[in-house]
>>> print(open('entry.pdb').read())   # PDB, C-alpha atoms
ATOM      1  CA  ILE A1291     152.425  29.651 112.355
ATOM      2  CA  ALA A1292     151.425  32.482 110.014
ATOM      3  CA  GLY A1293     148.248  34.479 110.500
ATOM      4  CA  VAL A1294     148.686  35.355 114.174
ATOM      5  CA  PRO A1295     147.949  39.089 114.575
ATOM      6  CA  PRO A1296     150.229  41.505 116.436
ATOM      7  CA  VAL A1297     150.128  41.038 120.203
ATOM      8  CA  VAL A1298     151.278  43.277 123.037
ATOM      9  CA  ALA A1299     154.383  41.713 124.582
ATOM     10  CA  ILE A1300     154.580  43.878 127.702
ATOM     11  CA  GLY A1301     154.969  42.833 131.326
ATOM     12  CA  GLN A1302     152.745  39.776 131.801
ATOM     13  CA  GLY A1303     151.121  40.322 128.404
ATOM     14  CA  GLY A1304     151.721  38.449 125.150
ATOM     15  CA  LEU A1305     150.311  35.220 123.794
ATOM     16  CA  LEU A1306     148.442  33.680 126.720
ATOM     17  CA  ASP A1307     146.631  30.435 125.873
ATOM     18  CA  VAL A1308     145.649  28.140 123.029
ATOM     19  CA  ALA A1309     142.656  25.798 122.782
ATOM     20  CA  LEU A1310     141.127  23.596 120.108
ATOM     21  CA  HIS A1311     137.441  23.595 119.257
ATOM     22  CA  PRO A1312     135.733  20.442 120.593
ATOM     23  CA  ASP A1313     135.049  19.492 116.961
ATOM     24  CA  PHE A1314     138.514  20.521 115.750
ATOM     25  CA  ALA A1315     138.991  17.323 113.717
ATOM     26  CA  ARG A1316     136.101  18.448 111.507
ATOM     27  CA  ASN A1317     136.237  22.267 111.515
ATOM     28  CA  GLY A1318     139.909  23.079 112.241
ATOM     29  CA  TRP A1319     139.185  26.004 114.608
ATOM     30  CA  VAL A1320     142.060  27.061 116.905
ATOM     31  CA  TYR A1321     141.473  29.676 119.638
ATOM     32  CA  LEU A1322     144.145  32.018 121.007
ATOM     33  CA  SER A1323     143.993  34.455 123.929
ATOM     34  CA  TYR A1324     146.492  37.292 123.959
ATOM     35  CA  ALA A1325     147.094  40.862 125.098
ATOM     36  CA  GLY A1326     145.703  43.288 122.516
ATOM     37  CA  ALA A1327     145.739  47.070 122.280
ATOM     38  CA  ASP A1328     143.469  49.949 121.389
ATOM     39  CA  ALA A1329     143.542  53.706 122.000
ATOM     40  CA  ASP A1330     142.804  53.225 125.719
ATOM     41  CA  GLY A1331     145.562  50.707 126.457
ATOM     42  CA  TYR A1332     145.824  46.941 126.712
ATOM     43  CA  GLY A1333     143.513  44.068 127.535
ATOM     44  CA  THR A1334     142.889  40.390 126.898
ATOM     45  CA  GLU A1335     141.426  39.422 123.537
ATOM     46  CA  VAL A1336     140.473  36.098 121.952
ATOM     47  CA  LEU A1337     140.563  35.115 118.300
ATOM     48  CA  ARG A1338     139.852  32.002 116.325
ATOM     49  CA  GLY A1339     141.243  30.820 113.011
ATOM     50  CA  ARG A1340     141.241  27.631 110.974
ATOM     51  CA  LEU A1341     144.556  25.784 111.011
ATOM     52  CA  ASP A1342     145.688  25.149 107.450
ATOM     53  CA  GLY A1343     149.138  23.600 107.382
ATOM     54  CA  HIS A1344     151.405  26.193 109.004
ATOM     55  CA  ALA A1345     148.956  29.097 108.849
ATOM     56  CA  LEU A1346     145.735  30.315 110.427
ATOM     57  CA  ARG A1347     143.026  31.211 107.906
ATOM     58  CA  ASP A1348     139.652  32.940 108.356
ATOM     59  CA  VAL A1349     140.978  34.686 111.483
ATOM     60  CA  GLU A1350     138.407  36.657 113.479
ATOM     61  CA  VAL A1351     138.505  38.283 116.907
ATOM     62  CA  ILE A1352     135.539  36.997 118.931
ATOM     63  CA  PHE A1353     136.185  38.825 122.228
ATOM     64  CA  ARG A1354     137.841  42.080 123.288
ATOM     65  CA  MET A1355     138.125  42.965 126.966
ATOM     66  CA  GLN A1356     136.622  46.355 127.789
ATOM     67  CA  PRO A1357     137.645  48.759 129.053
ATOM     68  CA  LYS A1358     141.359  48.479 128.368
ATOM     69  CA  SER A1359     144.007  50.094 130.581
ATOM     70  CA  ALA A1360     147.688  51.049 130.652
ATOM     71  CA  THR A1361     148.845  48.491 133.245
ATOM     72  CA  SER A1362     150.996  45.565 132.119
ATOM     73  CA  HIS A1363     149.871  42.777 134.468
ATOM     74  CA  HIS A1364     146.937  40.536 135.456
ATOM     75  CA  PHE A1365     145.676  39.624 131.971
ATOM     76  CA  GLY A1366     144.617  36.053 132.894
ATOM     77  CA  SER A1367     143.969  34.068 130.690
ATOM     78  CA  ARG A1368     142.872  30.470 130.124
ATOM     79  CA  LEU A1369     140.483  29.095 127.521
ATOM     80  CA  VAL A1370     138.255  26.104 128.332
ATOM     81  CA  PHE A1371     135.346  24.618 126.373
ATOM     82  CA  ASP A1372     132.701  22.920 128.500
ATOM     83  CA  ARG A1373     130.681  19.837 127.604
ATOM     84  CA  GLN A1374     127.916  21.948 126.047
ATOM     85  CA  GLY A1375     130.432  23.602 123.704
ATOM     86  CA  PHE A1376     130.529  26.997 125.441
ATOM     87  CA  LEU A1377     133.885  28.781 125.599
ATOM     88  CA  HIS A1378     135.056  30.083 128.999
ATOM     89  CA  ILE A1379     137.666  32.857 129.120
ATOM     90  CA  THR A1380     139.348  33.710 132.429
ATOM     91  CA  LEU A1381     140.416  37.310 133.009
ATOM     92  CA  GLY A1382     142.492  39.188 135.559
ATOM     93  CA  GLU A1383     141.488  42.537 137.033
ATOM     94  CA  ARG A1384     144.444  44.256 135.332
ATOM     95  CA  GLY A1385     145.957  45.329 138.650
ATOM     96  CA  ASP A1386     142.994  47.554 139.527
ATOM     97  CA  LYS A1387     141.298  45.482 142.228
ATOM     98  CA  ASP A1388     138.018  47.404 142.460
ATOM     99  CA  ARG A1389     137.213  46.556 138.834
ATOM    100  CA  ALA A1390     136.653  42.922 139.862
ATOM    101  CA  GLN A1391     133.370  43.861 141.585
ATOM    102  CA  ARG A1392     131.907  45.831 138.671
ATOM    103  CA  LEU A1393     129.285  44.227 136.434
ATOM    104  CA  ASP A1394     129.845  46.876 133.732
ATOM    105  CA  ASP A1395     133.519  45.863 133.386
ATOM    106  CA  HIS A1396     135.019  42.655 131.991
ATOM    107  CA  ALA A1397     138.004  42.745 134.366
ATOM    108  CA  GLY A1398     138.268  40.157 137.129
ATOM    109  CA  SER A1399     135.708  37.785 135.679
ATOM    110  CA  VAL A1400     135.075  34.566 133.811
ATOM    111  CA  ILE A1401     133.507  35.145 130.382
ATOM    112  CA  ARG A1402     131.157  32.598 128.730
ATOM    113  CA  LEU A1403     130.481  32.662 124.991
ATOM    114  CA  HIS A1404     129.291  30.550 122.103
ATOM    115  CA  ASP A1405     132.138  29.238 119.956
ATOM    116  CA  ASP A1406     131.673  32.139 117.509
ATOM    117  CA  GLY A1407     131.632  34.862 120.189
ATOM    118  CA  ARG A1408     127.861  35.251 120.570
ATOM    119  CA  VAL A1409     126.536  35.716 124.121
ATOM    120  CA  PRO A1410     124.494  32.762 125.439
ATOM    121  CA  ALA A1411     120.944  33.784 126.295
ATOM    122  CA  ASP A1412     121.169  32.077 129.702
ATOM    123  CA  ASN A1413     124.279  33.919 130.914
ATOM    124  CA  PRO A1414     123.507  35.115 134.453
ATOM    125  CA  PHE A1415     123.718  38.894 133.922
ATOM    126  CA  THR A1416     122.098  39.309 130.484
ATOM    127  CA  ALA A1417     118.943  40.850 131.954
ATOM    128  CA  LYS A1418     120.734  43.183 134.392
ATOM    129  CA  PRO A1419     120.848  46.791 133.129
ATOM    130  CA  GLY A1420     124.384  48.036 132.538
ATOM    131  CA  ALA A1421     126.043  44.666 133.083
ATOM    132  CA  LYS A1422     128.386  43.118 130.542
ATOM    133  CA  PRO A1423     126.309  40.196 129.220
ATOM    134  CA  GLU A1424     129.418  38.113 128.542
ATOM    135  CA  LYS A1425     130.205  37.877 132.271
ATOM    136  CA  PHE A1426     129.646  34.498 133.919
ATOM    137  CA  THR A1427     131.212  35.283 137.335
ATOM    138  CA  LEU A1428     132.933  38.193 139.086
ATOM    139  CA  GLY A1429     135.304  38.880 141.973
ATOM    140  CA  HIS A1430     138.511  37.302 140.631
ATOM    141  CA  ARG A1431     142.047  38.643 140.922
ATOM    142  CA  ASN A1432     144.040  36.853 138.204
ATOM    143  CA  ILE A1433     143.059  33.396 136.950
ATOM    144  CA  GLN A1434     145.893  31.472 135.291
ATOM    145  CA  GLY A1435     144.591  27.927 135.600
ATOM    146  CA  ALA A1436     141.276  26.325 134.604
ATOM    147  CA  ALA A1437     140.053  22.820 133.778
ATOM    148  CA  LEU A1438     136.856  20.780 133.626
ATOM    149  CA  HIS A1439     136.233  18.243 136.383
ATOM    150  CA  PRO A1440     136.193  14.855 134.608
ATOM    151  CA  GLU A1441     133.138  13.552 136.501
ATOM    152  CA  THR A1442     130.922  16.573 137.156
ATOM    153  CA  GLY A1443     131.889  18.609 134.080
ATOM    154  CA  GLU A1444     132.118  21.743 136.241
ATOM    155  CA  LEU A1445     134.802  24.330 135.576
ATOM    156  CA  TRP A1446     137.487  24.578 138.271
ATOM    157  CA  ALA A1447     139.920  27.505 138.327
ATOM    158  CA  HIS A1448     142.684  28.898 140.485
ATOM    159  CA  GLU A1449     143.859  32.456 140.905
ATOM    160  CA  HIS A1450     146.752  34.389 142.354
ATOM    161  CA  GLY A1451     146.333  35.991 145.745
ATOM    162  CA  PRO A1452     148.396  38.915 147.053
ATOM    163  CA  GLN A1453     151.112  37.647 149.420
ATOM    164  CA  GLY A1454     148.975  34.625 150.311
ATOM    165  CA  GLY A1455     145.455  33.620 149.492
ATOM    166  CA  ASP A1456     146.025  31.812 146.194
ATOM    167  CA  GLU A1457     142.677  30.091 145.616
ATOM    168  CA  ILE A1458     141.052  27.136 143.892
ATOM    169  CA  ASN A1459     137.371  27.685 143.095
ATOM    170  CA  ILE A1460     134.510  25.883 141.378
ATOM    171  CA  ILE A1461     133.133  28.311 138.794
ATOM    172  CA  ARG A1462     129.347  28.564 138.918
ATOM    173  CA  PRO A1463     127.086  31.055 137.102
ATOM    174  CA  GLY A1464     126.490  34.431 138.706
ATOM    175  CA  GLN A1465     128.722  33.779 141.716
ATOM    176  CA  ASN A1466     130.909  36.432 143.343
ATOM    177  CA  TYR A1467     134.324  35.094 144.397
ATOM    178  CA  GLY A1468     135.082  38.014 146.644
ATOM    179  CA  TRP A1469     138.160  39.866 145.446
ATOM    180  CA  PRO A1470     139.014  42.403 146.805
ATOM    181  CA  VAL A1471     136.266  42.440 149.471
ATOM    182  CA  ILE A1472     137.401  39.128 150.971
ATOM    183  CA  THR A1473     140.771  37.404 150.642
ATOM    184  CA  TYR A1474     143.223  35.307 152.633
ATOM    185  CA  GLY A1475     146.070  37.398 151.171
ATOM    186  CA  ARG A1476     147.614  40.588 152.494
ATOM    187  CA  ASN A1477     149.046  43.789 151.051
ATOM    188  CA  TYR A1478     152.541  43.523 149.638
ATOM    189  CA  ILE A1479     155.457  44.959 151.636
ATOM    190  CA  ILE A1480     153.395  46.397 154.511
ATOM    191  CA  GLY A1481     151.484  43.169 155.170
ATOM    192  CA  THR A1482     148.210  44.798 156.195
ATOM    193  CA  SER A1483     144.815  43.163 155.649
ATOM    194  CA  ILE A1484     142.749  43.755 152.510
ATOM    195  CA  GLY A1485     139.022  44.390 152.302
ATOM    196  CA  GLU A1486     136.644  43.122 154.969
ATOM    197  CA  GLY A1487     138.352  39.902 156.038
ATOM    198  CA  THR A1488     138.232  36.328 154.740
ATOM    199  CA  ALA A1489     134.475  35.715 154.517
ATOM    200  CA  LYS A1490     131.267  37.584 153.746
ATOM    201  CA  ALA A1491     127.699  36.507 153.057
ATOM    202  CA  GLY A1492     126.999  36.159 149.345
ATOM    203  CA  MET A1493     130.661  35.601 148.440
ATOM    204  CA  VAL A1494     132.184  32.200 147.667
ATOM    205  CA  GLN A1495     134.783  30.524 149.853
ATOM    206  CA  PRO A1496     137.597  28.739 147.998
ATOM    207  CA  VAL A1497     137.819  24.964 147.778
ATOM    208  CA  TRP A1498     141.520  25.293 148.682
ATOM    209  CA  GLN A1499     143.923  28.136 149.353
ATOM    210  CA  TRP A1500     147.670  28.602 149.739
ATOM    211  CA  THR A1501     149.180  30.950 152.287
ATOM    212  CA  PRO A1502     152.020  31.727 151.726
ATOM    213  CA  SER A1503     151.542  31.964 147.978
ATOM    214  CA  ILE A1504     152.895  29.420 145.526
ATOM    215  CA  ALA A1505     151.872  31.561 142.490
ATOM    216  CA  PRO A1506     149.781  28.876 140.735
ATOM    217  CA  SER A1507     149.740  28.624 136.960
ATOM    218  CA  GLY A1508     148.218  25.875 134.846
ATOM    219  CA  MET A1509     145.762  23.200 135.961
ATOM    220  CA  ALA A1510     144.821  19.716 134.812
ATOM    221  CA  PHE A1511     142.813  16.763 136.088
ATOM    222  CA  TYR A1512     144.515  13.440 135.463
ATOM    223  CA  THR A1513     142.392  10.649 133.983
ATOM    224  CA  GLY A1514     145.023   8.620 132.152
ATOM    225  CA  ASN A1515     146.340   5.129 132.878
ATOM    226  CA  ARG A1516     150.116   5.673 132.968
ATOM    227  CA  PHE A1517     149.938   6.776 136.627
ATOM    228  CA  PRO A1518     147.075   4.667 138.023
ATOM    229  CA  GLY A1519     147.637   5.909 141.578
ATOM    230  CA  TRP A1520     147.044   9.476 140.428
ATOM    231  CA  HIS A1521     143.769   8.876 138.597
ATOM    232  CA  GLY A1522     141.316  11.696 139.362
ATOM    233  CA  ASN A1523     143.974  13.898 140.984
ATOM    234  CA  LEU A1524     144.264  17.617 140.262
ATOM    235  CA  PHE A1525     147.667  18.984 139.203
ATOM    236  CA  VAL A1526     148.718  22.639 139.526
ATOM    237  CA  GLY A1527     151.951  24.255 138.362
ATOM    238  CA  ALA A1528     153.677  26.886 140.492
ATOM    239  CA  LEU A1529     155.796  29.887 139.492
ATOM    240  CA  LYS A1530     157.097  31.240 142.784
ATOM    241  CA  GLY A1531     157.015  27.752 144.279
ATOM    242  CA  GLN A1532     158.806  26.233 141.248
ATOM    243  CA  MET A1533     157.029  22.914 141.636
ATOM    244  CA  LEU A1534     154.137  20.724 140.579
ATOM    245  CA  VAL A1535     151.383  20.316 143.175
ATOM    246  CA  ARG A1536     149.294  17.124 143.266
ATOM    247  CA  LEU A1537     145.944  17.381 145.020
ATOM    248  CA  THR A1538     143.900  14.331 146.016
ATOM    249  CA  LEU A1539     140.145  14.941 145.987
ATOM    250  CA  ASP A1540     137.156  13.487 147.778
ATOM    251  CA  GLY A1541     134.253  14.820 145.749
ATOM    252  CA  ASN A1542     134.718  18.588 145.781
ATOM    253  CA  ARG A1543     137.072  18.544 148.782
ATOM    254  CA  VAL A1544     140.868  18.535 148.709
ATOM    255  CA  VAL A1545     142.045  15.919 151.204
ATOM    256  CA  ARG A1546     145.788  15.745 150.498
ATOM    257  CA  GLU A1547     148.534  17.825 148.901
ATOM    258  CA  GLU A1548     151.861  16.560 147.596
ATOM    259  CA  ARG A1549     154.596  18.851 146.275
ATOM    260  CA  LEU A1550     156.638  17.380 143.434
ATOM    261  CA  LEU A1551     159.799  18.463 141.577
ATOM    262  CA  GLU A1552     160.484  21.376 143.951
ATOM    263  CA  GLY A1553     163.299  23.447 142.470
ATOM    264  CA  LYS A1554     164.025  20.841 139.781
ATOM    265  CA  LEU A1555     162.623  22.513 136.663
ATOM    266  CA  GLY A1556     162.118  26.160 137.632
ATOM    267  CA  ARG A1557     158.893  28.106 137.178
ATOM    268  CA  ILE A1558     156.128  25.804 135.917
ATOM    269  CA  ARG A1559     153.751  27.851 133.779
ATOM    270  CA  ASP A1560     151.342  25.180 132.539
ATOM    271  CA  VAL A1561     150.444  21.539 133.093
ATOM    272  CA  ARG A1562     148.443  19.298 130.765
ATOM    273  CA  ALA A1563     147.431  15.649 130.784
ATOM    274  CA  GLY A1564     148.231  14.264 127.329
ATOM    275  CA  PRO A1565     146.026  11.833 125.412
ATOM    276  CA  ASP A1566     148.906   9.358 125.702
ATOM    277  CA  GLY A1567     148.491   9.249 129.497
ATOM    278  CA  TYR A1568     151.679  11.185 130.252
ATOM    279  CA  ILE A1569     151.804  14.554 132.043
ATOM    280  CA  TYR A1570     153.318  17.544 130.229
ATOM    281  CA  LEU A1571     154.767  20.666 131.838
ATOM    282  CA  LEU A1572     155.702  24.016 130.319
ATOM    283  CA  THR A1573     158.468  25.944 132.078
ATOM    284  CA  ASP A1574     158.693  29.727 132.168
ATOM    285  CA  HIS A1575     162.152  31.161 131.648
ATOM    286  CA  SER A1576     164.372  32.431 128.820
ATOM    287  CA  ARG A1577     165.190  28.868 127.758
ATOM    288  CA  GLY A1578     161.804  27.372 128.515
ATOM    289  CA  GLN A1579     161.091  23.699 127.974
ATOM    290  CA  ILE A1580     158.235  21.292 127.435
ATOM    291  CA  VAL A1581     158.818  18.410 129.837
ATOM    292  CA  ARG A1582     157.131  15.004 129.759
ATOM    293  CA  LEU A1583     156.670  13.106 133.014
ATOM    294  CA  GLU A1584     156.828   9.311 132.820
ATOM    295  CA  PRO A1585     156.373   6.695 135.562
ATOM    296  CA  ALA A1586     159.630   5.762 137.265
ATOM    297  CA  PRO A1587     160.731   2.146 136.672
ATOM    298  CA  ARG A1588     159.650  -0.195 139.429
ATOM    299  CA  PRO A1589     162.559  -1.510 141.512
TER     300      PRO A1589
END
>>> encode(input="entry.pdb", output="structure tokens")
Amino acid sequence: IAGVPPVVAIGQGGLLDVALHPDFARNGWVYLSYAGADADGYGTEVLRGRLDGHALRDVEVIFRMQPKSATSHHFGSRLVFDRQGFLHITLGERGDKDRAQRLDDHAGSVIRLHDDGRVPADNPFTAKPGAKPEKFTLGHRNIQGAALHPETGELWAHEHGPQGGDEINIIRPGQNYGWPVITYGRNYIIGTSIGEGTAKAGMVQPVWQWTPSIAPSGMAFYTGNRFPGWHGNLFVGALKGQMLVRLTLDGNRVVREERLLEGKLGRIRDVRAGPDGYIYLLTDHSRGQIVRLEPAPRP
């Protein structure tokens, strides 16, 4: 596809996610998140362009993470439109954990924008002096999975923990999800605790967490009819775990976990429920694949 601007392919950076405008059939807008650069380093950016055959036209950058930095990891990033047409952008803290608690910094947050990049007037921090008005939440480490709940319309997201403490959260305006003040993870190599423990007043507890880590990536709710027994389940890909995780929900609670395809496909980077009712997986290696899951024949 022509018209994609230069991206920074370094470490965990590169092209990160793609999403279609809710009214794509009429307006043709495609949204890309990617690692971009300026004089201060690298950071997540988002552009949109109109798909015209095999090219993007009318390309414009609608978000640039600030400040940028020289590290090459924890870019995020997933793009999700909600039912009101707002665009949510998930960001990592770029490997500098204290940035996740700063309101004057985009790092470690979920961003909420209009489809053209304007800041919604009802974003939770617009009236707070010094705060980035684009911020919707704070206290995240590195979000690489996000999806709308099919019944409530709320945004669910998961993020990587450090040596444990991978989390699933429900994203709500103005909430602080704790990193690095609270976490179920521990410091790499030395294994010591991080922050002030696993809970603190005013900070959100996860809906679900994995210790040890599975390194979650990609998230989708299943609402199709090809797998009727899985209707309403939440699916999460895993990098370190090299598997697909199926979570059964009761309202906002996870009541059962099943681990599928362990070691069969390698690192699963993304999972999507297709409009045809099948489940699609994207693998993450030098010869990556798109895999379609189909129901097994009944005996």
>>> residues_around(input="entry.pdb", residues="Gly1443 (chain A)", least_positions_apart="4", cutoff="9 Å", atoms="all atoms listed in the file", output="list in words")
Asp1372, Arg1373, Leu1438 and His1439 of chain A
>>> axis_aligned_box(input="entry.pdb", around="region 1530-1538 of chain A", padding_each_side="3 Å", output="JSON")
{"center_x": 151.4, "center_y": 22.8, "center_z": 143.3, "size_x": 20.9, "size_y": 22.9, "size_z": 11.4}
>>> resolve_selection(input="entry.pdb", expression="the PyMOL selection byres ((chain A and resi 1511) around 8)", output="list in words")
Ala1437, Leu1438, His1439, Pro1440, Met1509, Ala1510, Tyr1512, Thr1513, Gly1522, Asn1523, Leu1524, Phe1525 and Ala1563 of chain A
>>> resolve_selection(input="entry.pdb", expression="the PyMOL selection byres ((chain A and resi 1350-1364) around 9)", output="VMD selection string")
chain A and resid 1300 to 1303 1326 to 1339 1348 to 1349 1365 to 1367 1381 to 1386 1395 to 1398 1403 1405 to 1408 1431 to 1433
>>> write_last_selection(input="entry.pdb", atoms="C-alpha atoms", output="PDB file, in the frame of the given file")
ATOM      1  CA  ILE A1300     154.580  43.878 127.702  1.00  0.00           C
ATOM      2  CA  GLY A1301     154.969  42.833 131.326  1.00  0.00           C
ATOM      3  CA  GLN A1302     152.745  39.776 131.801  1.00  0.00           C
ATOM      4  CA  GLY A1303     151.121  40.322 128.404  1.00  0.00           C
ATOM      5  CA  GLY A1326     145.703  43.288 122.516  1.00  0.00           C
ATOM      6  CA  ALA A1327     145.739  47.070 122.280  1.00  0.00           C
ATOM      7  CA  ASP A1328     143.469  49.949 121.389  1.00  0.00           C
ATOM      8  CA  ALA A1329     143.542  53.706 122.000  1.00  0.00           C
ATOM      9  CA  ASP A1330     142.804  53.225 125.719  1.00  0.00           C
ATOM     10  CA  GLY A1331     145.562  50.707 126.457  1.00  0.00           C
ATOM     11  CA  TYR A1332     145.824  46.941 126.712  1.00  0.00           C
ATOM     12  CA  GLY A1333     143.513  44.068 127.535  1.00  0.00           C
ATOM     13  CA  THR A1334     142.889  40.390 126.898  1.00  0.00           C
ATOM     14  CA  GLU A1335     141.426  39.422 123.537  1.00  0.00           C
ATOM     15  CA  VAL A1336     140.473  36.098 121.952  1.00  0.00           C
ATOM     16  CA  LEU A1337     140.563  35.115 118.300  1.00  0.00           C
ATOM     17  CA  ARG A1338     139.852  32.002 116.325  1.00  0.00           C
ATOM     18  CA  GLY A1339     141.243  30.820 113.011  1.00  0.00           C
ATOM     19  CA  ASP A1348     139.652  32.940 108.356  1.00  0.00           C
ATOM     20  CA  VAL A1349     140.978  34.686 111.483  1.00  0.00           C
ATOM     21  CA  PHE A1365     145.676  39.624 131.971  1.00  0.00           C
ATOM     22  CA  GLY A1366     144.617  36.053 132.894  1.00  0.00           C
ATOM     23  CA  SER A1367     143.969  34.068 130.690  1.00  0.00           C
ATOM     24  CA  LEU A1381     140.416  37.310 133.009  1.00  0.00           C
ATOM     25  CA  GLY A1382     142.492  39.188 135.559  1.00  0.00           C
ATOM     26  CA  GLU A1383     141.488  42.537 137.033  1.00  0.00           C
ATOM     27  CA  ARG A1384     144.444  44.256 135.332  1.00  0.00           C
ATOM     28  CA  GLY A1385     145.957  45.329 138.650  1.00  0.00           C
ATOM     29  CA  ASP A1386     142.994  47.554 139.527  1.00  0.00           C
ATOM     30  CA  ASP A1395     133.519  45.863 133.386  1.00  0.00           C
ATOM     31  CA  HIS A1396     135.019  42.655 131.991  1.00  0.00           C
ATOM     32  CA  ALA A1397     138.004  42.745 134.366  1.00  0.00           C
ATOM     33  CA  GLY A1398     138.268  40.157 137.129  1.00  0.00           C
ATOM     34  CA  LEU A1403     130.481  32.662 124.991  1.00  0.00           C
ATOM     35  CA  ASP A1405     132.138  29.238 119.956  1.00  0.00           C
ATOM     36  CA  ASP A1406     131.673  32.139 117.509  1.00  0.00           C
ATOM     37  CA  GLY A1407     131.632  34.862 120.189  1.00  0.00           C
ATOM     38  CA  ARG A1408     127.861  35.251 120.570  1.00  0.00           C
ATOM     39  CA  ARG A1431     142.047  38.643 140.922  1.00  0.00           C
ATOM     40  CA  ASN A1432     144.040  36.853 138.204  1.00  0.00           C
ATOM     41  CA  ILE A1433     143.059  33.396 136.950  1.00  0.00           C
TER      42      ILE A1433
END
>>> residues_around(input="entry.pdb", residues="region 1571-1588 of chain A", least_positions_apart="6", cutoff="7 Å", atoms="only C-alpha atoms", output="list in words")
Arg1516, Phe1517, Gly1556, Arg1557, Ile1558, Arg1559, Asp1560, Val1561 and Arg1562 of chain A
>>> write_last_selection(input="entry.pdb", atoms="C-alpha atoms", output="short mmCIF file (atom, residue, chain, number, x, y, z; two decimals), keeping the file's coordinate frame")
data_model
loop_
_atom_site.label_atom_id
_atom_site.label_comp_id
_atom_site.auth_asym_id
_atom_site.auth_seq_id
_atom_site.Cartn_x
_atom_site.Cartn_y
_atom_site.Cartn_z
CA ARG A 1516 150.12 5.67 132.97
CA PHE A 1517 149.94 6.78 136.63
CA GLY A 1556 162.12 26.16 137.63
CA ARG A 1557 158.89 28.11 137.18
CA ILE A 1558 156.13 25.80 135.92
CA ARG A 1559 153.75 27.85 133.78
CA ASP A 1560 151.34 25.18 132.54
CA VAL A 1561 150.44 21.54 133.09
CA ARG A 1562 148.44 19.30 130.76
#
>>> residues_around(input="entry.pdb", residues="region 1491-1498 of chain A", least_positions_apart="4", cutoff="7 Å", atoms="all atoms listed in the file", output="ChimeraX atom specification")
/A:1457-1459,1466-1468,1543-1544
>>> closest_residue(input="entry.pdb", among="A:Pro1506, A:Gly1293, A:Gly1375, A:Gly1454", to="Gln1434 (chain A)", atoms="only C-alpha atoms")
A:Pro1506
>>> residues_around(input="entry.pdb", residues="Gly1451 (chain A)", least_positions_apart="4", cutoff="6 Å", atoms="all atoms listed in the file", output="NGL selection string")
:A and (1455-1456 or 1475)
>>> resolve_selection(input="entry.pdb", expression="the PyMOL selection byres ((chain A and resi 1312-1322) around 8)", output="number ranges by chain")
A: 1305-1311, 1323-1324, 1336-1342, 1369, 1371, 1375
>>> atom_distance(input="entry.pdb", atom1="CA of Ile1479 (chain A)", atom2="CA of Ala1390 (chain A)")
22.3 Å
>>> atom_distance(input="entry.pdb", atom1="CA of Pro1423 (chain A)", atom2="CA of Trp1469 (chain A)")
20.1 Å
>>> closest_residue(input="entry.pdb", among="A:Gly1464, A:Gly1564, A:Gly1541, A:Pro1502", to="Gly1514 (chain A)", atoms="all atoms listed in the file")
A:Gly1564
>>> build_atoms(input="entry.pdb", residues="region 1516-1524 of chain A", atoms="N, CA, C and O atoms", output="mmCIF file, in the frame of the given file")
data_model
loop_
_atom_site.group_PDB
_atom_site.id
_atom_site.type_symbol
_atom_site.label_atom_id
_atom_site.label_comp_id
_atom_site.auth_asym_id
_atom_site.auth_seq_id
_atom_site.Cartn_x
_atom_site.Cartn_y
_atom_site.Cartn_z
ATOM 1 N N ARG A 1516 148.682 5.855 132.749
ATOM 2 C CA ARG A 1516 150.116 5.673 132.968
ATOM 3 C C ARG A 1516 150.477 5.761 134.454
ATOM 4 O O ARG A 1516 151.413 5.122 134.912
ATOM 5 N N PHE A 1517 149.721 6.597 135.188
ATOM 6 C CA PHE A 1517 149.938 6.776 136.627
ATOM 7 C C PHE A 1517 148.654 6.371 137.348
ATOM 8 O O PHE A 1517 147.876 7.235 137.765
ATOM 9 N N PRO A 1518 148.377 5.086 137.472
ATOM 10 C CA PRO A 1518 147.075 4.667 138.023
ATOM 11 C C PRO A 1518 146.804 5.182 139.425
ATOM 12 O O PRO A 1518 145.656 5.423 139.790
ATOM 13 N N GLY A 1519 147.835 5.388 140.232
ATOM 14 C CA GLY A 1519 147.637 5.909 141.578
ATOM 15 C C GLY A 1519 147.256 7.370 141.623
ATOM 16 O O GLY A 1519 146.852 7.873 142.679
ATOM 17 N N TRP A 1520 147.364 8.048 140.501
ATOM 18 C CA TRP A 1520 147.044 9.476 140.428
ATOM 19 C C TRP A 1520 145.726 9.745 139.704
ATOM 20 O O TRP A 1520 145.379 10.897 139.454
ATOM 21 N N HIS A 1521 145.007 8.705 139.352
ATOM 22 C CA HIS A 1521 143.769 8.876 138.597
ATOM 23 C C HIS A 1521 142.782 9.758 139.384
ATOM 24 O O HIS A 1521 142.514 9.523 140.557
ATOM 25 N N GLY A 1522 142.256 10.783 138.731
ATOM 26 C CA GLY A 1522 141.316 11.696 139.362
ATOM 27 C C GLY A 1522 141.952 12.818 140.156
ATOM 28 O O GLY A 1522 141.241 13.682 140.691
ATOM 29 N N ASN A 1523 143.298 12.834 140.246
ATOM 30 C CA ASN A 1523 143.974 13.898 140.984
ATOM 31 C C ASN A 1523 144.011 15.189 140.174
ATOM 32 O O ASN A 1523 143.920 15.178 138.939
ATOM 33 N N LEU A 1524 144.163 16.297 140.879
ATOM 34 C CA LEU A 1524 144.264 17.617 140.262
ATOM 35 C C LEU A 1524 145.709 18.084 140.364
ATOM 36 O O LEU A 1524 146.307 18.051 141.452
#
